[in-house]
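All remarks here apply to the structure that follows.
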Amino acid sequence: MIETGATSTQTVKCQRGKKFLVPYVVYEKTFPCHSYPPDGVVTFRNITMECETATQPRMDCKELVQWSAKEKEDHCNMRAHIDSSDQIRITWDTSMASKYDNHTQVELIALNTGRRASWAQKLVEMRDTQV
């Protein structure tokens, strides 16, 4: 983050024996619009990609990827923006209404954790006792 200097890194390795042909960036969106950061943007920078072929193990192939921006559903006006082969932004509008506006915290957590309501309930209870 620009304000704090904090960054996050994630390395996604192929699972043994699997061949992945379609890379993608996902931003989950099952919360009310007002829950997302107010600046309305998250940027994925310095995206790197390695590919393997029979003749070239571990070659840089990010320039070969042809990104396309797609939205699964229209929520908070979230949109993907392909800035370059190594930078993707996702933007949203926190002022919009959402189909999740009337969900409780327990319902939202359960929805976002595979509907494990008992786990979500424990998390909310633990947080509420710490406040």
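Letters A, B, ... go to the chains of the structure tokens in the order shown; residues in each chain start at 1; ligands are counted from 1 in the same order.
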Shell of 12 Å around Ser68 (chain A), only C-alpha atoms, local chain residues under 5 positions omitted, as a VMD selection string: chain A and resid 22 to 25 79 to 85 88
Please save C-alpha atoms of the selected residues as a PDB file, in the first residue's frame.
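Output file part-v5.pdb is given in full below:
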```
ATOM      1  CA  VAL A  22      -5.319 -20.305 -18.550  1.00  0.00           C
ATOM      2  CA  PRO A  23      -3.893 -17.942 -15.916  1.00  0.00           C
ATOM      3  CA  TYR A  24      -6.342 -15.666 -14.107  1.00  0.00           C
ATOM      4  CA  VAL A  25      -6.606 -13.036 -11.378  1.00  0.00           C
ATOM      5  CA  ARG A  79     -14.136  -3.916 -13.393  1.00  0.00           C
ATOM      6  CA  ALA A  80     -10.762  -5.349 -14.342  1.00  0.00           C
ATOM      7  CA  HIS A  81      -8.270  -3.172 -16.202  1.00  0.00           C
ATOM      8  CA  ILE A  82      -5.311  -4.691 -18.017  1.00  0.00           C
ATOM      9  CA  ASP A  83      -2.600  -2.033 -17.715  1.00  0.00           C
ATOM     10  CA  SER A  84       0.248  -4.176 -19.051  1.00  0.00           C
ATOM     11  CA  SER A  85       1.456  -7.776 -19.125  1.00  0.00           C
ATOM     12  CA  ILE A  88      -3.834  -5.559 -13.516  1.00  0.00           C
TER      13      ILE A  88
END
```
Can you tell me, as a PDB file with N, CA and C atoms, in the first residue's frame, which residues in chain A count as alpha helix (DSSP H) by DSSP?
```pdb
ATOM      1  N   GLN A 105     -23.121 -10.237   9.507  1.00  0.00           N
ATOM      2  CA  GLN A 105     -21.702 -10.586   9.403  1.00  0.00           C
ATOM      3  C   GLN A 105     -21.525 -12.101   9.356  1.00  0.00           C
ATOM      4  N   VAL A 106     -22.291 -12.813  10.149  1.00  0.00           N
ATOM      5  CA  VAL A 106     -22.194 -14.277  10.159  1.00  0.00           C
ATOM      6  C   VAL A 106     -22.546 -14.840   8.788  1.00  0.00           C
ATOM      7  N   GLU A 107     -23.605 -14.324   8.175  1.00  0.00           N
ATOM      8  CA  GLU A 107     -24.001 -14.795   6.849  1.00  0.00           C
ATOM      9  C   GLU A 107     -22.931 -14.480   5.803  1.00  0.00           C
ATOM     10  N   LEU A 108     -22.350 -13.281   5.880  1.00  0.00           N
ATOM     11  CA  LEU A 108     -21.316 -12.899   4.917  1.00  0.00           C
ATOM     12  C   LEU A 108     -20.072 -13.760   5.064  1.00  0.00           C
ATOM     13  N   ILE A 109     -19.660 -14.003   6.285  1.00  0.00           N
ATOM     14  CA  ILE A 109     -18.475 -14.836   6.503  1.00  0.00           C
ATOM     15  C   ILE A 109     -18.752 -16.255   6.035  1.00  0.00           C
ATOM     16  N   ALA A 110     -19.935 -16.775   6.350  1.00  0.00           N
ATOM     17  CA  ALA A 110     -20.288 -18.125   5.912  1.00  0.00           C
ATOM     18  C   ALA A 110     -20.313 -18.202   4.389  1.00  0.00           C
ATOM     19  N   LEU A 111     -20.862 -17.192   3.755  1.00  0.00           N
ATOM     20  CA  LEU A 111     -20.921 -17.149   2.303  1.00  0.00           C
ATOM     21  C   LEU A 111     -19.522 -17.153   1.688  1.00  0.00           C
ATOM     22  N   ASN A 112     -18.596 -16.478   2.333  1.00  0.00           N
ATOM     23  CA  ASN A 112     -17.243 -16.347   1.811  1.00  0.00           C
ATOM     24  C   ASN A 112     -16.286 -17.444   2.262  1.00  0.00           C
ATOM     25  N   ALA A 117     -21.096 -22.151   8.416  1.00  0.00           N
ATOM     26  CA  ALA A 117     -21.714 -21.201   9.338  1.00  0.00           C
ATOM     27  C   ALA A 117     -21.204 -21.357  10.763  1.00  0.00           C
ATOM     28  N   SER A 118     -20.942 -22.559  11.214  1.00  0.00           N
ATOM     29  CA  SER A 118     -20.475 -22.721  12.588  1.00  0.00           C
ATOM     30  C   SER A 118     -19.099 -22.070  12.759  1.00  0.00           C
ATOM     31  N   TRP A 119     -18.225 -22.209  11.763  1.00  0.00           N
ATOM     32  CA  TRP A 119     -16.923 -21.571  11.808  1.00  0.00           C
ATOM     33  C   TRP A 119     -17.088 -20.055  11.795  1.00  0.00           C
ATOM     34  N   ALA A 120     -17.977 -19.565  10.936  1.00  0.00           N
ATOM     35  CA  ALA A 120     -18.207 -18.122  10.840  1.00  0.00           C
ATOM     36  C   ALA A 120     -18.765 -17.585  12.150  1.00  0.00           C
ATOM     37  N   GLN A 121     -19.677 -18.311  12.754  1.00  0.00           N
ATOM     38  CA  GLN A 121     -20.271 -17.875  14.017  1.00  0.00           C
ATOM     39  C   GLN A 121     -19.198 -17.772  15.095  1.00  0.00           C
ATOM     40  N   LYS A 122     -18.310 -18.761  15.176  1.00  0.00           N
ATOM     41  CA  LYS A 122     -17.236 -18.736  16.173  1.00  0.00           C
ATOM     42  C   LYS A 122     -16.316 -17.545  15.950  1.00  0.00           C
ATOM     43  N   LEU A 123     -16.000 -17.237  14.692  1.00  0.00           N
ATOM     44  CA  LEU A 123     -15.143 -16.103  14.386  1.00  0.00           C
ATOM     45  C   LEU A 123     -15.775 -14.798  14.855  1.00  0.00           C
ATOM     46  N   VAL A 124     -17.052 -14.607  14.565  1.00  0.00           N
ATOM     47  CA  VAL A 124     -17.743 -13.376  14.975  1.00  0.00           C
ATOM     48  C   VAL A 124     -17.822 -13.299  16.488  1.00  0.00           C
ATOM     49  N   GLU A 125     -18.137 -14.411  17.147  1.00  0.00           N
ATOM     50  CA  GLU A 125     -18.211 -14.420  18.610  1.00  0.00           C
ATOM     51  C   GLU A 125     -16.858 -14.074  19.220  1.00  0.00           C
ATOM     52  N   MET A 126     -15.783 -14.636  18.674  1.00  0.00           N
ATOM     53  CA  MET A 126     -14.444 -14.368  19.181  1.00  0.00           C
ATOM     54  C   MET A 126     -14.105 -12.891  18.998  1.00  0.00           C
ATOM     55  N   ARG A 127     -14.421 -12.343  17.851  1.00  0.00           N
ATOM     56  CA  ARG A 127     -14.149 -10.926  17.604  1.00  0.00           C
ATOM     57  C   ARG A 127     -14.962 -10.034  18.529  1.00  0.00           C
ATOM     58  N   ASP A 128     -16.228 -10.386  18.734  1.00  0.00           N
ATOM     59  CA  ASP A 128     -17.090  -9.568  19.596  1.00  0.00           C
ATOM     60  C   ASP A 128     -16.626  -9.579  21.044  1.00  0.00           C
ATOM     61  N   THR A 129     -16.042 -10.664  21.515  1.00  0.00           N
ATOM     62  CA  THR A 129     -15.558 -10.707  22.890  1.00  0.00           C
ATOM     63  C   THR A 129     -14.268  -9.929  23.067  1.00  0.00           C
ATOM     64  N   GLN A 130     -13.555  -9.662  21.981  1.00  0.00           N
ATOM     65  CA  GLN A 130     -12.309  -8.904  22.056  1.00  0.00           C
ATOM     66  C   GLN A 130     -12.523  -7.408  21.954  1.00  0.00           C
TER      67      GLN A 130
END
```
Determine the nearest neighbour of Thr94 (chain A) from the options A:His75, A:Arg45, A:Lys13, A:Lys19, counting only C-alpha atoms. A:His75
So that I can check the surroundings of Ser98 (chain A), please list as a VMD selection string every protein, DNA and RNA residue that reaches within 9 Å of it, counting only C-alpha atoms and ignoring chain neighbours fewer than 6 positions away. chain A and resid 31 to 34 75 to 76
Residue selection dump (C-alpha atoms) as a PDB file, in the first residue's frame:
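result-v2.pdb was written with the following content:
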```
ATOM      1  CA  PHE A  31     -19.673  -8.318   0.488  1.00  0.00           C
ATOM      2  CA  PRO A  32     -21.674  -5.064   0.474  1.00  0.00           C
ATOM      3  CA  CYS A  33     -20.075  -2.380  -1.691  1.00  0.00           C
ATOM      4  CA  HIS A  34     -19.406  -0.131   1.317  1.00  0.00           C
ATOM      5  CA  HIS A  75     -21.490  -6.124  -8.405  1.00  0.00           C
ATOM      6  CA  CYS A  76     -20.357  -2.720  -7.111  1.00  0.00           C
TER       7      CYS A  76
END
```
Residue among A:Phe44, A:Asp86, A:Met49, A:Thr91 lying closest to Thr7 (chain A), counting only C-alpha atoms: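 Once distances to Thr7 (chain A) are computed over only C-alpha atoms, the minimum belongs to A:Phe44.
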Point-to-point distance from CA of Asn46 (chain A) to CA of Asp60 (chain A), Å rounded to tenths: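 About the pair CA of Asn46 (chain A) and CA of Asp60 (chain A): they are 12.7 Å apart.
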What's the separation between CA of Ser95 (chain A) and CA of Lys72 (chain A), in Å to one decimal place?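 One can read the CA of Ser95 (chain A) to CA of Lys72 (chain A) distance as 20.3 Å.
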DSSP strand (DSSP E) selection over chain A, as a list of chain:residue names: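 For chain A, the strand (DSSP E) set is A:Val41, A:Val42, A:Thr43, A:Phe44, A:Arg45, A:Glu50, A:Cys51, A:Met59, A:Asp60, A:Arg79, A:Ala80, A:His81, A:Ile82, A:Asp83, A:Ser84, A:Gln87, A:Ile88, A:Arg89, A:Ile90, A:Thr91.
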Keeping only N, CA and C atoms, write the selected residues to a file as an mmCIF file, in the first residue's frame.
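Everything below was put into out-v3.cif:
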```
data_model
loop_
_atom_site.group_PDB
_atom_site.id
_atom_site.type_symbol
_atom_site.label_atom_id
_atom_site.label_comp_id
_atom_site.auth_asym_id
_atom_site.auth_seq_id
_atom_site.Cartn_x
_atom_site.Cartn_y
_atom_site.Cartn_z
ATOM 1 N N VAL A 41 -9.888 0.759 -5.574
ATOM 2 C CA VAL A 41 -8.963 0.092 -6.491
ATOM 3 C C VAL A 41 -8.026 -0.843 -5.737
ATOM 4 N N VAL A 42 -7.716 -1.974 -6.362
ATOM 5 C CA VAL A 42 -6.621 -2.842 -5.926
ATOM 6 C C VAL A 42 -5.794 -3.108 -7.178
ATOM 7 N N THR A 43 -4.472 -3.036 -7.025
ATOM 8 C CA THR A 43 -3.582 -3.206 -8.177
ATOM 9 C C THR A 43 -2.657 -4.388 -7.940
ATOM 10 N N PHE A 44 -2.627 -5.284 -8.897
ATOM 11 C CA PHE A 44 -1.699 -6.409 -8.884
ATOM 12 C C PHE A 44 -0.535 -6.011 -9.784
ATOM 13 N N ARG A 45 0.651 -5.852 -9.173
ATOM 14 C CA ARG A 45 1.832 -5.376 -9.902
ATOM 15 C C ARG A 45 2.903 -6.460 -9.960
ATOM 16 N N GLU A 50 6.005 -18.221 -15.163
ATOM 17 C CA GLU A 50 6.995 -19.130 -15.730
ATOM 18 C C GLU A 50 6.275 -20.280 -16.399
ATOM 19 N N CYS A 51 6.800 -20.694 -17.538
ATOM 20 C CA CYS A 51 6.235 -21.821 -18.274
ATOM 21 C C CYS A 51 7.326 -22.859 -18.487
ATOM 22 N N MET A 59 10.866 -21.052 -18.237
ATOM 23 C CA MET A 59 11.146 -19.836 -18.994
ATOM 24 C C MET A 59 10.104 -18.770 -18.635
ATOM 25 N N ASP A 60 10.505 -17.504 -18.691
ATOM 26 C CA ASP A 60 9.592 -16.388 -18.446
ATOM 27 C C ASP A 60 8.633 -16.297 -19.629
ATOM 28 N N ARG A 79 -14.651 -3.756 -12.051
ATOM 29 C CA ARG A 79 -14.136 -3.916 -13.393
ATOM 30 C C ARG A 79 -12.638 -4.200 -13.341
ATOM 31 N N ALA A 80 -12.194 -5.061 -14.211
ATOM 32 C CA ALA A 80 -10.762 -5.349 -14.342
ATOM 33 C C ALA A 80 -10.191 -4.469 -15.444
ATOM 34 N N HIS A 81 -8.967 -4.016 -15.233
ATOM 35 C CA HIS A 81 -8.270 -3.172 -16.202
ATOM 36 C C HIS A 81 -6.883 -3.767 -16.429
ATOM 37 N N ILE A 82 -6.605 -4.135 -17.660
ATOM 38 C CA ILE A 82 -5.311 -4.691 -18.017
ATOM 39 C C ILE A 82 -4.407 -3.523 -18.375
ATOM 40 N N ASP A 83 -3.506 -3.157 -17.475
ATOM 41 C CA ASP A 83 -2.600 -2.033 -17.715
ATOM 42 C C ASP A 83 -1.400 -2.450 -18.552
ATOM 43 N N SER A 84 -0.908 -3.654 -18.313
ATOM 44 C CA SER A 84 0.248 -4.176 -19.051
ATOM 45 C C SER A 84 0.322 -5.674 -18.791
ATOM 46 N N GLN A 87 0.695 -5.900 -14.928
ATOM 47 C CA GLN A 87 -0.094 -5.094 -13.989
ATOM 48 C C GLN A 87 -1.574 -5.133 -14.346
ATOM 49 N N ILE A 88 -2.385 -5.509 -13.355
ATOM 50 C CA ILE A 88 -3.834 -5.559 -13.516
ATOM 51 C C ILE A 88 -4.463 -4.824 -12.332
ATOM 52 N N ARG A 89 -5.426 -3.956 -12.631
ATOM 53 C CA ARG A 89 -6.168 -3.239 -11.590
ATOM 54 C C ARG A 89 -7.612 -3.718 -11.577
ATOM 55 N N ILE A 90 -8.192 -3.745 -10.388
ATOM 56 C CA ILE A 90 -9.627 -3.988 -10.259
ATOM 57 C C ILE A 90 -10.191 -2.793 -9.514
ATOM 58 N N THR A 91 -11.236 -2.202 -10.090
ATOM 59 C CA THR A 91 -11.857 -1.017 -9.502
ATOM 60 C C THR A 91 -13.299 -1.311 -9.121
#
```
Counting only C-alpha atoms, which residue out of A:Asn77, A:Ala69, A:Thr48, A:Leu64 sits closest to Thr9 (chain A)? A:Thr48
Given only C-alpha atoms as the basis, pick out the residue of A:Asp93, A:Asp39, A:Asp74, A:Glu52 nearest to Lys18 (chain A).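 Smallest distance to Lys18 (chain A) is found for A:Glu52.
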What does the distance from CA of Tyr100 (chain A) to CA of Ser35 (chain A) come to in Å, to one decimal?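 CA of Ser35 (chain A) lies at a distance of 10.2 Å from CA of Tyr100 (chain A).
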